[in-house]
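Report on the structure given below.
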Amino acid sequence: MEPVQYSYEDFARLPTTVFWIMGYDMLGVPKTRSRRILYWIYRFLCLASHGVCVGVMVFRMVEAKTIDNVSLIMRYATLVTYIINSDTKFATVLQRSAIQSLNSKLAELYPKTTLDRIYHRVNDHYWTKSFVYLVIIYIGSSIMVVIGPIITSIIAYFTHNVFTYMHCYPYFLYDPEKDPVWIYIGIYALEWLHSTQMVISNIGADIWLLYFQVQINLHFRGIIRSLADHKPSVKHDQEDRKFIAKIVDKQVHLVSLQNDLNGIFGKSLLLSLLTTAAVICTVAVYTLIQGPTLEGFTYVIFIGTSVMQVYLVCYYGQQVLDLSGEVAHAAYNHDFHDASIAYKRYLLIIIIRAQQPVELNAMGYLSISLDTFKQLMSVSYRVITMLMQMIQ
């Protein structure tokens with residue numbers, strides 16, 4: 001029995017669901033009036049909490065009275081870089097009309113019939129279980145960073161009969177002997193919503209980027225497979241020319257779609273990569289300073305998922321770079337000996353256009369590939385080593 005072939009909407013389910021966690025509806029799915037109001041209220045609370053937390057953090061940094069040790073300095077450095085990283089990505093996904101437009105174009109191009117989907121092997125491009133687990137672990141480790149302090153406080157209560165009133169972010173000051181419990185609850189609610197805004201913005205934007213890149217890669221593979229399977233002949237030249245003309249048009253269309261993708265995500269991609277690397281560096285140093293604690297353990301998991309997040313963006317960037325170049329090889333190795341002159345001219349157009357590789361790029365000049373990942377990790381390692389030497 002043939003497995004069910006995934007539809008375009010099935011691919012979109014993961015990125016849209018992730019953004020729903022912070023009340024942001026990317027594609028404008030129809031909802032009842034009451035659900036729209038609830039989403040709007042929740043969305044407002046996330047943004048407002050984020051604004052309050054960032055404001056308090058900036059105040060503490062300007063005040064500079066409570067930041068009195070190396071551990072706190074690294075903690076604030078981590079928070080600043082992560083906030084910049086998340087807000088950059090959130091600003092990117094606010095281009096909702098551009099994202100919806102690209103989504104509609106890719107939906108039109110997606111194979112409609114079951115046979116077409118089988119031919120394009122759409123199921124091979126669907127979100128793997130390992131990727132879904134990575135997203136869950138990333139969100140889960142981020143949640144643990146927030147709820148870890150209260151878990152520690154609860155453990156302290158049962159082991160030492162003292163509730164320590166710990167919370168996540170150092171810029172909120174709470175004194176249990178002077179401040180009522182409701183302030184502690186309010187601080188935790190602010191931290192939870194603030195963290196939700198940052199974490200979902202961070203991972204959600206990258207999922208949308210990968211989602212679009214996977215779709216474009218799917219069609220490049222379809223072109224390569226079509227060229228390999230087709231055997232032209234002067235006996236059916238009319239049909240052959242229609243076939244190859246469609247390939248030429250599709251190649252041009254895919255280049256246009258990749259340019260749209262770069263136009264949406266490329267402007268912030270460079271800053272996102274740099275701030276992600278900075279987050280990895282500061283979190284790593286902070287974790288080494290803190291030692292083997294529950295917070296340190298959750299940060300180790302967080303670092304691992306963050307590295308994988310960067311790797312996947314670079315990996316799929318490498319894929320589109322390779323696949324767009326492979327189109328030229330597929331055309332050159334194509335069995336065109338019995339084809340007409342007109343057909344061969346079309347092949348030449350495909351080969352010439354494929355000489356300019358299609359790429360995921362940042363700011364229009366930095367190509368995102370596995371080499372980018374290697375360079376980023378190499379620089380991150382050197383920075384971590386330098387920071388540890390300075391601290392020691």
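Convention: chains lettered A, B, ... in structure tokens order; per-chain residue numbering from 1; ligands numbered from 1 as shown.
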
request  = Output as a PyMOL selection string all residues of region 228-387 of chain A that backbone DSSP marks as alpha helix (DSSP H).
outcome  = chain A and resi 228-229+237-290+294-332+341-354+370-387

message = Can you pull out the residues contacting Ile21 (chain A)? Cut-off 9 Å, using only C-alpha atoms, and skip same-chain residues under 6 positions away; I want them as a PyMOL selection string.
response = chain A and resi 196-197+200

task = Name the closest residue to Gln375 (chain A) among the candidates A:Ala277, A:Ile41, A:Gly51, A:Val132; distances are taken between atoms, counting only C-alpha atoms.
result =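 Looking at the shortest contact to Gln375 (chain A), the residue is A:Ala277.
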
task = Write out as number ranges by chain the residues lying within 9 Å of Arg75 (chain A), counting only C-alpha atoms and excluding same-chain residues fewer than 6 positions away.
result = A: 169-170, 282-283, 286

Please produce a file of the residues just selected, as an mmCIF file, in the first residue's frame, where the atoms kept are C-alpha atoms.
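Wrote again_15.cif, looks like this:
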```
data_model
loop_
_atom_site.group_PDB
_atom_site.id
_atom_site.type_symbol
_atom_site.label_atom_id
_atom_site.label_comp_id
_atom_site.auth_asym_id
_atom_site.auth_seq_id
_atom_site.Cartn_x
_atom_site.Cartn_y
_atom_site.Cartn_z
ATOM 1 C CA TYR A 169 16.162 36.839 34.890
ATOM 2 C CA PRO A 170 18.563 38.788 37.136
ATOM 3 C CA THR A 282 28.203 33.757 26.036
ATOM 4 C CA VAL A 283 25.994 30.831 27.090
ATOM 5 C CA TYR A 286 28.332 31.305 31.521
#
```

message = Just want the 8 Å neighbourhood of region 174-190 of chain A, counted on only C-alpha atoms, with same-chain residues fewer than 3 positions away dropped. Output as a PyMOL selection string.
response = chain A and resi 49-50+53+165+167-168+193-194

With N, CA, C and O atoms kept, could you save the residues just selected as an mmCIF file, in the first residue's frame?
```
data_model
loop_
_atom_site.group_PDB
_atom_site.id
_atom_site.type_symbol
_atom_site.label_atom_id
_atom_site.label_comp_id
_atom_site.auth_asym_id
_atom_site.auth_seq_id
_atom_site.Cartn_x
_atom_site.Cartn_y
_atom_site.Cartn_z
ATOM 1 N N SER A 49 4.896 42.180 27.749
ATOM 2 C CA SER A 49 5.831 41.596 28.722
ATOM 3 C C SER A 49 7.260 41.687 28.216
ATOM 4 O O SER A 49 8.186 41.996 28.984
ATOM 5 N N HIS A 50 7.427 41.440 26.936
ATOM 6 C CA HIS A 50 8.753 41.538 26.328
ATOM 7 C C HIS A 50 9.279 42.968 26.438
ATOM 8 O O HIS A 50 10.445 43.182 26.814
ATOM 9 N N CYS A 53 10.227 43.722 30.125
ATOM 10 C CA CYS A 53 11.458 43.028 30.536
ATOM 11 C C CYS A 53 12.699 43.659 29.908
ATOM 12 O O CYS A 53 13.719 43.838 30.583
ATOM 13 N N TYR A 165 12.433 31.447 46.458
ATOM 14 C CA TYR A 165 11.853 32.466 45.566
ATOM 15 C C TYR A 165 12.795 32.840 44.415
ATOM 16 O O TYR A 165 12.909 34.019 44.050
ATOM 17 N N HIS A 167 14.035 33.110 40.537
ATOM 18 C CA HIS A 167 13.378 33.293 39.241
ATOM 19 C C HIS A 167 14.456 33.408 38.166
ATOM 20 O O HIS A 167 15.657 33.368 38.472
ATOM 21 N N CYS A 168 14.039 33.546 36.916
ATOM 22 C CA CYS A 168 14.968 33.355 35.797
ATOM 23 C C CYS A 168 15.910 34.529 35.548
ATOM 24 O O CYS A 168 17.117 34.352 35.479
ATOM 25 N N LEU A 193 6.104 35.008 29.611
ATOM 26 C CA LEU A 193 5.619 35.592 28.349
ATOM 27 C C LEU A 193 6.764 36.207 27.552
ATOM 28 O O LEU A 193 6.807 36.110 26.321
ATOM 29 N N HIS A 194 7.689 36.854 28.259
ATOM 30 C CA HIS A 194 8.882 37.433 27.628
ATOM 31 C C HIS A 194 9.717 36.347 26.954
ATOM 32 O O HIS A 194 10.138 36.484 25.794
#
```

request  = Could you find all residues in region 233-379 of chain A that DSSP calls strand (DSSP E or B) from the backbone, and write them as a PyMOL selection string?
outcome  = chain A and resi 361-362+366-367

Keeping only C-alpha atoms, write those residues as a PDB file, in the first residue's frame.
```
ATOM      1  CA  ASN A 361      22.414  34.749   0.866  1.00  0.00           C
ATOM      2  CA  ALA A 362      22.639  37.348   3.581  1.00  0.00           C
ATOM      3  CA  LEU A 366      27.323  36.384   1.906  1.00  0.00           C
ATOM      4  CA  SER A 367      26.382  32.960   0.564  1.00  0.00           C
TER       5      SER A 367
END
```

task = For CA of Gly222 (chain A) and CA of Phe131 (chain A), quote the distance in Å rounded to one decimal.
result =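 Going from CA of Gly222 (chain A) over to CA of Phe131 (chain A) covers 23.0 Å.
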
ask   = So how many Å separate CA of Ala205 (chain A) and CA of Glu326 (chain A), to one decimal?
value = 28.3 Å

Residue contacts of Thr66 (chain A) (10 Å, only C-alpha atoms) excluding same-chain residues fewer than 5 positions away, as a CSV table (one decimal) with C-alpha atoms, in the first residue's frame:
```
chain,number,residue,atom,x,y,z
A,60,ARG,CA,19.7,47.7,35.3
A,61,MET,CA,22.6,47.9,32.8
A,72,LEU,CA,26.3,38.3,36.1
A,170,PRO,CA,18.6,38.8,37.1
A,171,TYR,CA,17.2,42.2,36.3
A,173,LEU,CA,14.9,42.1,42.2
```

request  = Record the distance separating CA of Lys250 (chain A) and CA of Tyr8 (chain A), expressed in Å with one decimal.
outcome  = 18.1 Å

ask   = Given the choices A:Leu227, A:Val199, A:Ala156, A:Val379, which gets closest to Asn85 (chain A) if the distance is worked out from only C-alpha atoms?
value =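 Looking at the shortest contact to Asn85 (chain A), the residue is A:Val199.
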
Distance query Asp335 (chain A) at most 8 Å, only C-alpha atoms, self and fewer than 3 positions along chain excluded, as a short mmCIF file (atom, residue, chain, number, x, y, z; two decimals) with N, CA, C and O atoms, in the first residue's frame:
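Written out: out_16.cif:
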```
data_model
loop_
_atom_site.label_atom_id
_atom_site.label_comp_id
_atom_site.auth_asym_id
_atom_site.auth_seq_id
_atom_site.Cartn_x
_atom_site.Cartn_y
_atom_site.Cartn_z
N ALA A 228 16.78 13.83 -16.53
CA ALA A 228 17.41 12.51 -16.58
C ALA A 228 16.48 11.47 -17.20
O ALA A 228 16.94 10.56 -17.90
N HIS A 230 13.82 12.06 -19.38
CA HIS A 230 13.26 12.37 -20.70
C HIS A 230 14.24 12.03 -21.83
O HIS A 230 15.43 12.34 -21.75
N LYS A 231 13.73 11.41 -22.86
CA LYS A 231 14.55 11.06 -24.03
C LYS A 231 13.92 11.68 -25.28
O LYS A 231 12.96 11.15 -25.83
N PRO A 232 14.46 12.82 -25.72
CA PRO A 232 13.88 13.51 -26.87
C PRO A 232 14.22 12.82 -28.19
O PRO A 232 15.19 12.07 -28.29
N ASP A 338 19.52 12.64 -30.19
CA ASP A 338 18.51 12.46 -31.24
C ASP A 338 17.51 13.62 -31.28
O ASP A 338 16.48 13.54 -31.96
#
```

query = So which one's closest to Ile224 (chain A), A:Tyr311, A:Tyr119, A:Tyr24, A:Tyr343? Using only C-alpha atoms, please.
reply =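 Nearest candidate to Ile224 (chain A) out of A:Tyr311, A:Tyr119, A:Tyr24, A:Tyr343: A:Tyr119.
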
request  = Would you kindly return, as a list in words, each protein, DNA or RNA residue with an atom no farther than 8 Å from any atom of region 260-273 of chain A, considering only C-alpha atoms and excluding same-chain residues fewer than 5 positions away?
outcome  = Asn85, Thr88, Lys89, Thr92, Gln95, Ala98, Ile99, Leu102, Leu209, Phe212, Gln213, Val310, Leu360, Asn361, Ala362, Met363, Gly364 and Leu366 of chain A

task = Return the single residue from A:Glu191, A:Asn161, A:Arg35, A:Ile289 that is closest to Ala48 (chain A), with distances computed using only C-alpha atoms.
result =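 Going through A:Glu191, A:Asn161, A:Arg35, A:Ile289 one by one, the smallest distance to Ala48 (chain A) is for A:Glu191.
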
message = Nearest residue to Leu321 (chain A) out of A:Gln356, A:Thr32, A:Thr276, A:Gln251, using only C-alpha atoms?
response = A:Gln356

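Residue nearest Ser141 (chain A), chosen from A:Gly28, A:Gly55, A:Gly23, A:Gly304 and counting only C-alpha atoms: A:Gly304.
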